[in-house]
file query11.txt (compact mmCIF, C-alpha atoms)
# COMPACT_ATOMS: atom_id res chain seq x y z
CA MET A 1 -11.99 32.68 -8.80
CA ALA A 2 -13.17 30.34 -11.56
CA PRO A 3 -15.49 27.52 -10.49
CA PRO A 4 -14.08 23.97 -10.25
CA SER A 5 -14.12 22.22 -13.62
CA SER A 6 -14.96 18.77 -12.25
CA LEU A 7 -16.22 16.91 -9.21
CA ALA A 8 -12.66 15.93 -8.38
CA ASP A 9 -11.66 19.61 -8.48
CA LEU A 10 -14.63 20.46 -6.25
CA THR A 11 -13.54 17.91 -3.67
CA THR A 12 -9.97 19.16 -3.73
CA THR A 13 -11.12 22.77 -3.39
CA ALA A 14 -13.27 21.95 -0.34
CA VAL A 15 -10.48 20.02 1.39
CA ASN A 16 -7.88 22.70 0.69
CA LYS A 17 -10.22 25.42 1.93
CA THR A 18 -10.79 23.57 5.21
CA LEU A 19 -7.08 23.01 5.70
CA SER A 20 -6.41 26.68 4.99
CA LYS A 21 -9.06 27.84 7.47
CA SER A 22 -7.81 25.50 10.18
CA ASN A 23 -4.39 27.15 10.12
CA VAL A 24 -2.77 24.01 11.55
CA THR A 25 0.76 24.33 12.84
CA ALA A 26 3.28 22.22 14.70
CA SER A 27 3.16 24.61 17.64
CA PRO A 28 1.50 23.62 20.93
CA ALA A 29 -0.10 27.06 21.08
CA PRO A 30 -3.62 27.38 19.61
CA ALA A 31 -3.69 28.50 16.01
CA LYS A 32 -4.95 31.99 15.38
CA PRO A 33 -8.41 31.91 13.82
CA THR A 34 -8.66 33.23 10.28
CA ASP A 35 -12.42 33.89 10.16
CA GLY A 36 -13.16 35.59 13.48
CA ALA A 37 -14.12 32.37 15.27
CA PRO A 38 -12.77 31.68 18.77
CA ALA A 39 -9.42 29.91 18.84
CA LEU A 40 -9.65 26.22 19.67
CA ALA A 41 -6.90 24.28 21.39
CA GLU A 42 -4.67 22.35 19.04
CA LEU A 43 -3.59 18.80 19.64
CA ASP A 44 -0.55 19.12 21.93
CA HIS A 45 1.59 16.01 22.35
CA SER A 46 3.63 17.70 25.13
CA LYS A 47 0.56 17.53 27.41
CA LEU A 48 0.37 13.74 27.23
CA LYS A 49 -0.82 12.14 30.48
CA ILE A 50 0.55 8.66 31.15
CA THR A 51 -1.10 5.90 33.20
CA ILE A 52 0.65 2.52 33.14
CA THR A 53 -1.50 -0.61 33.17
CA THR A 54 -1.81 -2.66 36.35
CA SER A 55 -2.99 -5.71 34.36
CA PRO A 56 -0.29 -6.32 31.74
CA LYS A 57 -1.05 -8.82 28.99
CA THR A 58 0.96 -11.93 28.26
CA TYR A 59 3.22 -11.56 25.24
CA SER A 60 2.82 -14.12 22.48
CA ARG A 61 4.93 -14.47 19.35
CA PRO A 62 3.29 -13.08 16.18
CA GLU A 63 3.29 -16.49 14.46
CA SER A 64 1.33 -18.03 17.35
CA THR A 65 -1.33 -15.31 17.32
CA GLN A 66 -4.72 -16.07 15.78
CA TRP A 67 -4.75 -12.94 13.69
CA GLY A 68 -8.23 -11.73 12.87
CA LYS A 69 -9.78 -14.01 15.51
CA ALA A 70 -8.13 -13.12 18.82
CA ASP A 71 -6.99 -9.97 20.58
CA ALA A 72 -3.47 -9.16 19.40
CA THR A 73 -3.18 -5.64 20.79
CA THR A 74 -0.46 -4.36 23.12
CA ASP A 75 -0.84 -3.18 26.72
CA HIS A 76 -1.54 0.50 26.08
CA MET A 77 -3.33 2.93 23.79
CA ILE A 78 -3.42 6.70 23.33
CA THR A 79 -6.64 8.73 23.22
CA ALA A 80 -7.48 12.41 22.76
CA ARG A 81 -10.92 14.05 22.74
CA TRP A 82 -11.98 16.95 20.54
CA THR A 83 -15.04 19.18 20.97
CA ASP A 84 -16.17 22.15 18.93
CA THR A 85 -16.19 24.33 22.05
CA VAL A 86 -12.73 23.52 23.44
CA GLY A 87 -10.79 21.95 20.60
CA TRP A 88 -8.35 19.22 21.50
CA HIS A 89 -8.19 18.05 25.11
CA ALA A 90 -4.93 16.74 26.57
CA PRO A 91 -4.02 13.33 25.11
CA GLU A 92 -3.76 10.34 27.43
CA LEU A 93 -1.70 7.16 27.31
CA GLY A 94 -3.37 4.43 29.33
CA PRO A 95 -4.28 0.73 29.40
CA TYR A 96 -5.84 -0.73 26.26
CA THR A 97 -9.55 -0.99 26.98
CA ARG A 98 -13.07 -0.73 25.58
CA MET A 99 -14.34 2.64 24.41
CA ASN A 100 -17.60 4.24 25.48
CA LEU A 101 -19.74 5.40 22.56
CA TRP A 102 -23.33 6.56 22.40
CA PRO A 103 -25.49 4.41 20.07
CA THR A 104 -26.13 7.62 18.11
CA ALA A 105 -22.44 8.46 17.66
CA SER A 106 -21.72 10.01 14.26
CA CYS A 107 -19.17 7.35 13.28
CA LEU A 108 -21.76 4.59 13.68
CA HIS A 109 -24.26 6.23 11.33
CA TYR A 110 -22.49 8.56 8.91
CA ALA A 111 -19.08 6.94 8.37
CA THR A 112 -17.16 9.79 10.02
CA GLU A 113 -14.14 7.55 10.54
CA CYS A 114 -10.65 7.57 9.11
CA PHE A 115 -7.40 5.87 10.03
CA GLU A 116 -3.78 5.25 9.18
CA GLY A 117 -1.69 2.12 9.02
CA LEU A 118 2.03 2.04 9.68
CA LYS A 119 4.54 -0.26 11.31
CA ALA A 120 7.38 -0.06 13.82
CA TYR A 121 10.38 -2.23 12.97
CA ARG A 122 12.94 -3.79 15.30
CA GLY A 123 16.21 -3.34 13.42
CA TYR A 124 19.10 -5.77 13.35
CA ASP A 125 21.01 -3.17 15.34
CA GLY A 126 18.42 -3.45 18.13
CA LYS A 127 16.83 -0.04 17.47
CA VAL A 128 13.16 0.56 16.76
CA ARG A 129 12.31 2.57 13.64
CA LEU A 130 9.28 4.05 11.96
CA PHE A 131 9.19 4.34 8.17
CA ARG A 132 8.36 7.87 6.97
CA PRO A 133 5.79 8.54 9.72
CA SER A 134 5.41 12.17 8.66
CA ARG A 135 3.75 10.96 5.46
CA ASN A 136 1.15 8.97 7.42
CA ALA A 137 0.46 11.91 9.71
CA ALA A 138 -0.04 14.25 6.75
CA ARG A 139 -2.39 11.78 5.05
CA LEU A 140 -4.43 11.35 8.24
CA LEU A 141 -4.99 15.11 8.24
CA LEU A 142 -6.19 14.94 4.63
CA SER A 143 -8.53 12.03 5.41
CA SER A 144 -9.93 13.68 8.54
CA THR A 145 -10.64 16.84 6.59
CA ARG A 146 -12.39 14.89 3.82
CA ILE A 147 -15.00 13.57 6.30
CA ALA A 148 -15.38 16.90 8.17
CA CYS A 149 -13.57 15.69 11.28
CA PRO A 150 -11.15 18.00 13.15
CA THR A 151 -7.75 19.12 11.94
CA PHE A 152 -4.50 18.93 13.88
CA PRO A 153 -0.75 19.52 13.50
CA PRO A 154 0.59 16.37 11.78
CA HIS A 155 3.75 16.61 13.88
CA ALA A 156 1.67 16.03 17.02
CA ILE A 157 0.33 12.77 15.58
CA GLU A 158 3.84 11.60 14.78
CA GLU A 159 5.04 12.38 18.31
CA LEU A 160 2.11 10.57 19.92
CA VAL A 161 2.83 7.49 17.80
CA LYS A 162 6.42 7.62 19.04
CA ALA A 163 5.20 7.94 22.64
CA LEU A 164 3.18 4.73 22.42
CA ILE A 165 6.04 2.86 20.77
CA ALA A 166 8.45 4.14 23.43
CA VAL A 167 6.34 2.46 26.13
CA ASP A 168 5.22 -0.79 24.48
CA ALA A 169 7.88 -1.73 21.90
CA GLU A 170 10.38 -3.17 24.40
CA LYS A 171 7.92 -5.89 25.40
CA TRP A 172 5.95 -6.38 22.19
CA LEU A 173 8.73 -6.01 19.63
CA PRO A 174 11.63 -7.91 21.20
CA GLU A 175 13.23 -9.66 18.23
CA PRO A 176 15.34 -8.08 15.44
CA GLY A 177 13.78 -8.40 12.00
CA THR A 178 10.19 -8.17 13.25
CA PHE A 179 7.51 -5.48 13.13
CA ILE A 180 4.32 -4.40 14.87
CA TYR A 181 1.31 -2.70 13.29
CA ILE A 182 0.15 0.77 14.41
CA ARG A 183 -3.37 2.10 13.82
CA PRO A 184 -4.02 5.83 14.46
CA THR A 185 -7.76 6.49 14.09
CA ILE A 186 -10.20 9.41 14.22
CA ILE A 187 -13.94 8.91 14.76
CA GLY A 188 -16.84 11.30 15.04
CA THR A 189 -18.52 10.90 18.46
CA GLY A 190 -21.26 12.71 20.39
CA ARG A 191 -24.83 11.68 21.04
CA ALA A 192 -26.91 13.85 18.66
CA LEU A 193 -28.34 12.26 15.52
CA GLY A 194 -28.23 14.29 12.34
CA VAL A 195 -26.32 14.50 9.07
CA GLN A 196 -23.88 17.21 10.08
CA LYS A 197 -20.24 17.89 10.78
CA PRO A 198 -19.29 16.09 14.01
CA ARG A 199 -19.31 18.35 17.05
CA GLU A 200 -17.19 15.88 19.00
CA ALA A 201 -14.48 13.47 17.93
CA MET A 202 -11.98 11.01 19.32
CA PHE A 203 -8.45 10.33 18.17
CA TYR A 204 -6.78 7.14 19.32
CA ILE A 205 -3.79 4.93 18.56
CA VAL A 206 -3.56 1.19 19.12
CA MET A 207 -0.82 -1.29 18.24
CA ALA A 208 -1.20 -4.96 17.38
CA LEU A 209 0.78 -8.00 16.32
CA PHE A 210 0.40 -8.52 12.59
CA PRO A 211 1.28 -11.39 10.24
CA LYS A 212 3.61 -11.19 7.25
CA LEU A 213 1.48 -10.87 4.10
CA ASP A 214 4.14 -10.47 1.41
CA ASN A 215 3.64 -13.90 -0.16
CA PRO A 216 2.90 -14.15 -3.91
CA LEU A 217 -0.62 -13.01 -4.80
CA LYS A 218 -3.24 -14.29 -7.21
CA LEU A 219 -5.69 -11.53 -8.22
CA LEU A 220 -9.23 -11.65 -9.56
CA ALA A 221 -10.07 -8.59 -11.68
CA SER A 222 -13.28 -6.89 -10.58
CA SER A 223 -16.44 -7.25 -12.65
CA GLU A 224 -17.88 -4.39 -14.66
CA ASP A 225 -20.66 -3.82 -12.11
CA SER A 226 -18.25 -3.56 -9.15
CA ILE A 227 -16.31 -0.39 -8.34
CA ARG A 228 -14.08 0.68 -5.43
CA ALA A 229 -13.74 4.44 -6.01
CA TRP A 230 -14.70 7.13 -8.49
CA PRO A 231 -13.62 10.69 -9.46
CA GLY A 232 -14.90 13.24 -6.99
CA GLY A 233 -15.31 10.58 -4.30
CA PHE A 234 -12.97 9.64 -1.48
CA GLY A 235 -10.71 6.92 -2.87
CA PHE A 236 -7.71 9.17 -2.17
CA ALA A 237 -8.53 9.32 1.57
CA LYS A 238 -8.04 6.48 4.05
CA VAL A 239 -11.61 6.39 5.35
CA GLY A 240 -13.54 3.38 6.58
CA ALA A 241 -16.17 3.84 3.87
CA ASN A 242 -13.58 2.73 1.29
CA TYR A 243 -13.21 -0.69 2.86
CA GLY A 244 -16.54 -2.08 4.12
CA PRO A 245 -18.23 -2.11 0.69
CA SER A 246 -15.25 -3.96 -0.82
CA LEU A 247 -15.41 -6.95 1.53
CA MET A 248 -18.05 -8.88 -0.40
CA ALA A 249 -15.92 -8.79 -3.56
CA GLN A 250 -12.84 -9.78 -1.57
CA LYS A 251 -14.69 -12.76 -0.07
CA GLU A 252 -15.89 -13.80 -3.54
CA ALA A 253 -12.30 -13.70 -4.82
CA GLN A 254 -11.10 -15.87 -1.94
CA LEU A 255 -13.89 -18.41 -2.51
CA CYS A 256 -12.69 -18.67 -6.11
CA GLY A 257 -9.12 -19.37 -5.01
CA TYR A 258 -7.69 -15.87 -5.33
CA ASP A 259 -6.07 -13.69 -2.68
CA GLN A 260 -7.43 -10.26 -3.56
CA ILE A 261 -9.42 -8.19 -6.05
CA LEU A 262 -7.68 -6.19 -8.76
CA TRP A 263 -9.96 -3.16 -8.85
CA LEU A 264 -10.84 -1.81 -12.28
CA PHE A 265 -12.62 1.41 -13.21
CA ALA A 266 -15.07 2.32 -15.98
CA LYS A 267 -16.04 0.32 -19.09
CA GLU A 268 -12.47 0.65 -20.33
CA ALA A 269 -11.35 -1.41 -17.29
CA PHE A 270 -8.64 0.97 -16.12
CA VAL A 271 -6.34 -0.73 -13.61
CA THR A 272 -6.40 0.96 -10.19
CA GLU A 273 -5.52 -0.95 -6.99
CA ALA A 274 -4.95 -4.51 -5.78
CA GLY A 275 -7.20 -4.98 -2.76
CA ALA A 276 -6.17 -2.17 -0.42
CA SER A 277 -2.68 -1.92 -1.97
CA ASN A 278 -1.23 -0.02 -4.91
CA PHE A 279 -0.54 -2.08 -8.04
CA PHE A 280 2.62 -1.94 -10.17
CA CYS A 281 3.72 -3.71 -13.33
CA VAL A 282 6.93 -3.79 -15.35
CA ILE A 283 6.25 -3.76 -19.09
CA ARG A 284 8.54 -3.44 -22.09
CA SER A 285 7.23 -0.57 -24.20
CA LYS A 286 5.90 -1.58 -27.60
CA VAL A 287 7.09 1.76 -29.00
CA SER A 288 10.53 2.32 -27.46
CA GLY A 289 11.42 -1.22 -26.47
CA LYS A 290 12.48 0.07 -23.05
CA LEU A 291 11.29 -1.22 -19.68
CA GLU A 292 8.68 0.83 -17.82
CA LEU A 293 7.56 0.60 -14.19
CA ILE A 294 3.90 1.56 -14.46
CA THR A 295 1.30 2.42 -11.84
CA ALA A 296 -2.00 4.31 -11.91
CA PRO A 297 -1.83 8.11 -11.38
CA LEU A 298 -3.26 10.13 -8.51
CA ASP A 299 -4.96 12.71 -10.77
CA ASP A 300 -8.49 11.32 -10.58
CA LYS A 301 -8.48 11.08 -6.77
CA ILE A 302 -9.42 7.40 -6.89
CA ILE A 303 -5.97 6.07 -5.92
CA LEU A 304 -4.62 6.22 -2.38
CA ASP A 305 -1.32 8.09 -2.17
CA GLY A 306 0.35 5.15 -0.44
CA VAL A 307 3.52 5.75 1.56
CA THR A 308 4.99 2.53 0.14
CA ARG A 309 3.83 3.56 -3.35
CA ARG A 310 5.53 6.93 -3.06
CA SER A 311 8.71 5.28 -1.75
CA VAL A 312 8.80 2.70 -4.55
CA LEU A 313 8.51 5.44 -7.16
CA GLU A 314 11.15 7.63 -5.55
CA LEU A 315 13.65 4.79 -5.13
CA ALA A 316 13.10 3.58 -8.70
CA ARG A 317 13.62 7.07 -10.12
CA GLU A 318 16.74 7.55 -8.02
CA ARG A 319 18.38 4.14 -8.44
CA LEU A 320 17.00 2.56 -11.60
CA SER A 321 16.91 5.48 -14.02
CA ASN A 322 19.47 3.84 -16.32
CA GLU A 323 17.44 0.63 -16.57
CA ILE A 324 13.78 1.48 -16.34
CA LYS A 325 11.42 4.41 -16.89
CA VAL A 326 8.96 5.21 -14.11
CA VAL A 327 5.50 6.01 -15.50
CA GLU A 328 2.34 7.10 -13.69
CA LYS A 329 -0.49 6.81 -16.19
CA ARG A 330 -3.93 5.39 -16.87
CA TYR A 331 -3.80 1.96 -18.49
CA THR A 332 -6.33 -0.78 -19.05
CA MET A 333 -6.58 -4.51 -18.59
CA ALA A 334 -6.49 -4.74 -22.39
CA ASP A 335 -3.05 -3.09 -22.27
CA LEU A 336 -1.93 -5.56 -19.60
CA ALA A 337 -3.32 -8.55 -21.51
CA SER A 338 -1.71 -7.41 -24.75
CA ALA A 339 1.67 -7.01 -23.04
CA HIS A 340 1.29 -10.51 -21.57
CA ASP A 341 0.37 -12.09 -24.91
CA GLU A 342 3.29 -10.38 -26.65
CA GLY A 343 5.81 -11.35 -23.97
CA ARG A 344 6.29 -7.75 -22.80
CA LEU A 345 4.80 -8.14 -19.28
CA ILE A 346 7.90 -8.75 -17.18
CA GLU A 347 6.54 -8.72 -13.61
CA ALA A 348 3.91 -7.20 -11.33
CA PHE A 349 3.55 -6.54 -7.62
CA ALA A 350 1.30 -4.99 -5.00
CA ALA A 351 2.71 -2.50 -2.51
CA GLY A 352 1.32 -1.18 0.76
CA THR A 353 1.85 -1.18 4.51
CA ALA A 354 0.01 -4.46 5.11
CA TYR A 355 1.28 -6.45 2.14
CA PHE A 356 4.63 -4.63 1.95
CA VAL A 357 5.86 -5.62 -1.54
CA ALA A 358 4.13 -8.80 -2.73
CA PRO A 359 4.75 -10.30 -6.19
CA VAL A 360 1.67 -10.96 -8.34
CA THR A 361 1.87 -14.32 -10.06
CA GLU A 362 -1.59 -14.54 -11.65
CA ILE A 363 -4.46 -12.27 -12.70
CA HIS A 364 -7.82 -13.59 -13.90
CA PHE A 365 -9.71 -11.14 -16.10
CA ARG A 366 -13.11 -12.20 -17.37
CA GLY A 367 -12.15 -15.62 -18.66
CA LYS A 368 -8.49 -14.90 -19.38
CA ASP A 369 -5.53 -15.82 -17.18
CA ILE A 370 -2.50 -13.53 -17.12
CA PHE A 371 0.76 -14.67 -15.55
CA PRO A 372 3.12 -11.74 -14.80
CA ALA A 373 5.70 -13.97 -13.06
CA LYS A 374 6.48 -17.60 -12.38
CA SER A 375 4.64 -19.01 -9.36
CA GLY A 376 6.45 -18.41 -6.08
CA GLY A 377 9.20 -16.20 -7.41
CA ASP A 378 9.82 -12.48 -7.03
CA GLY A 379 10.66 -10.67 -10.23
CA THR A 380 14.03 -8.95 -10.53
CA TYR A 381 12.76 -5.44 -9.85
CA THR A 382 10.18 -6.54 -7.28
CA LYS A 383 12.90 -8.27 -5.28
CA GLN A 384 15.36 -5.37 -5.61
CA ILE A 385 12.88 -2.67 -4.55
CA LYS A 386 11.62 -4.82 -1.68
CA GLN A 387 15.18 -5.29 -0.39
CA TRP A 388 15.96 -1.57 -0.59
CA LEU A 389 12.88 -0.77 1.49
CA ALA A 390 13.60 -3.52 4.03
CA ASP A 391 17.18 -2.29 4.45
CA ILE A 392 15.86 1.16 5.43
CA MET A 393 13.13 -0.19 7.69
CA TYR A 394 15.40 -2.54 9.63
CA GLY A 395 18.41 -0.23 9.82
CA ASN A 396 20.75 -2.10 7.48
CA VAL A 397 21.45 1.29 5.92
CA ASN A 398 21.24 4.78 7.36
CA HIS A 399 18.46 6.69 5.63
CA GLU A 400 16.30 9.68 6.50
CA TRP A 401 13.16 7.60 5.96
CA GLY A 402 14.03 5.36 8.89
CA VAL A 403 13.10 7.34 12.03
CA VAL A 404 14.60 5.91 15.23
CA VAL A 405 12.36 5.93 18.33
CA GLU A 406 13.91 6.10 21.80
CA GLU A 407 12.41 3.43 24.05
CA LYS A 408 11.40 3.77 27.69
CA GLY A 409 9.50 0.57 28.39
CA PHE A 410 7.23 0.27 31.42
CA ALA A 411 7.25 -1.37 34.81
CA SER A 412 3.78 -2.43 35.87
CA GLU A 413 2.70 -2.82 39.47
CA ARG A 414 0.20 -5.64 39.13
CA VAL A 415 -2.92 -5.43 41.28
CA ASP A 416 -3.33 -8.27 43.79
CA ASP A 417 -5.99 -10.83 42.79
CA ALA A 418 -7.68 -10.56 46.19
CA GLU A 419 -8.03 -6.81 45.73
CA VAL A 420 -9.58 -7.34 42.30
CA GLU A 421 -12.09 -9.87 43.64
CA LYS A 422 -13.04 -7.51 46.47
CA MET A 423 -13.73 -4.76 43.94
CA VAL A 424 -15.80 -7.15 41.77
CA GLN A 425 -18.05 -7.98 44.71
CA LYS A 426 -18.45 -4.31 45.57
CA ILE A 427 -19.44 -3.45 42.01
CA LYS A 428 -22.02 -6.25 41.99
CA GLU A 429 -23.55 -4.83 45.16
CA LEU A 430 -23.68 -1.34 43.63
CA LYS A 431 -25.27 -2.64 40.43
CA ALA A 432 -28.12 -4.06 42.48
CA SER A 433 -29.19 -0.50 43.35
CA ARG A 434 -31.81 1.13 41.11
CA ALA A 435 -29.64 4.26 41.05
CA TRP A 436 -26.77 2.39 39.40
CA GLU A 437 -27.47 3.24 35.74
CA THR A 438 -28.11 6.93 36.41
CA ALA A 439 -25.07 7.27 38.64
CA LEU A 440 -22.83 5.46 36.17
CA GLU A 441 -23.99 7.67 33.31
CA LYS A 442 -23.29 10.76 35.41
CA VAL A 443 -19.76 9.59 36.25
CA MET A 444 -19.03 8.75 32.62
CA SER A 445 -20.33 12.12 31.44
CA GLU A 446 -18.09 13.88 33.93
CA GLU A 447 -15.08 11.85 32.80
CA LEU A 448 -15.80 12.69 29.16
CA GLY A 449 -16.17 16.35 29.98
CA GLU A 450 -19.78 16.47 28.72
CA ASP A 451 -20.84 18.58 31.70
CA GLU A 452 -18.37 21.36 30.88
call {"tool": "encode", "arguments": {"input": "query11.txt", "output": "structure tokens"}}
result
Amino acid sequence: MAPPSSLADLTTTAVNKTLSKSNVTASPAPAKPTDGAPALAELDHSKLKITITTSPKTYSRPESTQWGKADATTDHMITARWTDTVGWHAPELGPYTRMNLWPTASCLHYATECFEGLKAYRGYDGKVRLFRPSRNAARLLLSSTRIACPTFPPHAIEELVKALIAVDAEKWLPEPGTFIYIRPTIIGTGRALGVQKPREAMFYIVMALFPKLDNPLKLLASSEDSIRAWPGGFGFAKVGANYGPSLMAQKEAQLCGYDQILWLFAKEAFVTEAGASNFFCVIRSKVSGKLELITAPLDDKIILDGVTRRSVLELARERLSNEIKVVEKRYTMADLASAHDEGRLIEAFAAGTAYFVAPVTEIHFRGKDIFPAKSGGDGTYTKQIKQWLADIMYGNVNHEWGVVVEEKGFASERVDDAEVEKMVQKIKELKASRAWETALEKVMSEELGEDE
């Protein structure tokens, strides 16, 4: 086989090789090893253990929640351990709580962390839907592989997401036309320091109330010395390392009166992403005179293959082919500025799970202001595409992308306050013993299966 021709090809080759070796399937039975190694247990959603909380939280409406400052999570979470000796342990649905991590855990030192972001929607017909969850599950597998964390059948992830929604959505998503945010995550755990593939990992899912962020956006184009992703890197994967280093630039943009950074790449200032969302613009071609819906391509592995991005492109190709040409290509800020100056820049928008479809009304690029749309107004195509997606998400139309989740709800048997206080006093007495720390560590190790 010929060697990879570029760093991006090398990355792709490594990821594909890992996925091929893992032999992931949707079956609950362990995959057959392909290299003579012992078979490890696959993630099996059918083995889910359920423990309902005895201390249910008080529901608060999303608009009254101090998002980013206060706890906005639901009553339950799902967890599943992985070790390199057993594979995946049985997943558990239980009360939302703190997690126990060693200070030397891999995720805290070597960025072995990846996640997904998706939403559950309460339709106007009363049903709860997910939007293309199979795409999120498949991307989580790609991201996990990119950081050498364990593989899994994507179908199992999708079913575990549904299981959490089935329990918590009735209480936390009561009103039609609303949504709740879902965060599946994988982290490398274990207590041994060392730059190496994690020998232990944890998968978990939490849900939280989330504000609407689809208001018009003002973007500040990134400076030449600031970069979000590069060919051969990991911009195509949803890993935590893509986000932390971008926060300083985001804060700078906000201090200057902008909402997000428009990330550029290379001296040519190629347009890539808007904050953590994909960026689109509608431009009238200087050559053909026809309208084009343009977004950056996935070829260089610096753009996230967003579920909303993919859906926008597919809907536009299916429903707007007579009006507009869909183009995935590299283009620069000079191209965007030229189209603006010549009256060919019709509209622009950002698209992603968090921001949904948000019109872009202003872009500042190194001393020049570009106005893709009038302040406060969605462009024609932005508004149309946004409505098509919303109709699917909230069940206004029947579509295969809208996956209905059957709800079960939960009935919690609250623990008596006197019983809680009695237990508190007992724990305080136990903590006074010099054997407390050693005994607690032993119990926790047994619960985590570290003495297996």
call {"tool": "atom_distance", "arguments": {"input": "query11.txt", "atom1": "atom CA of A:Ala72", "atom2": "atom CA of A:Asp259"}}
result
22.7 Å
call {"tool": "atom_distance", "arguments": {"input": "query11.txt", "atom1": "atom CA of A:Glu407", "atom2": "atom CA of A:Arg122"}}
result
11.4 Å
call {"tool": "axis_aligned_box", "arguments": {"input": "query11.txt", "around": "stretch 428-434 of chain A", "padding_each_side": "8 Å", "output": "JSON"}}
result
{"center_x": -26.9, "center_y": -2.6, "center_z": 42.8, "size_x": 25.8, "size_y": 23.4, "size_z": 20.7}
call {"tool": "atom_distance", "arguments": {"input": "query11.txt", "atom1": "atom CA of A:Thr308", "atom2": "atom CA of A:Ala266"}}
result
25.7 Å
call {"tool": "closest_residue", "arguments": {"input": "query11.txt", "among": "A:Met202, A:Ala39, A:Pro91, A:Pro176", "to": "A:Cys107", "atoms": "all atoms listed in the file"}}
result
A:Met202
call {"tool": "residues_around", "arguments": {"input": "query11.txt", "residues": "A:Gly177", "least_positions_apart": "3", "cutoff": "8 Å", "atoms": "all atoms listed in the file", "output": "number ranges by chain"}}
result
A: 121-124, 394
call {"tool": "residues_around", "arguments": {"input": "query11.txt", "residues": "A:Leu140", "least_positions_apart": "4", "cutoff": "12 Å", "atoms": "all atoms listed in the file", "output": "PyMOL selection string"}}
result
chain A and resi 113-118+133-136+144-147+149-158+183-187+203+236-239+304-307
call {"tool": "closest_residue", "arguments": {"input": "query11.txt", "among": "A:Val128, A:Leu291, A:Leu219, A:Ala269", "to": "A:Glu175", "atoms": "only C-alpha atoms"}}
result
A:Val128
call {"tool": "closest_residue", "arguments": {"input": "query11.txt", "among": "A:Ser143, A:Thr380, A:Gln387, A:Thr361", "to": "A:Gly233", "atoms": "all atoms listed in the file"}}
result
A:Ser143
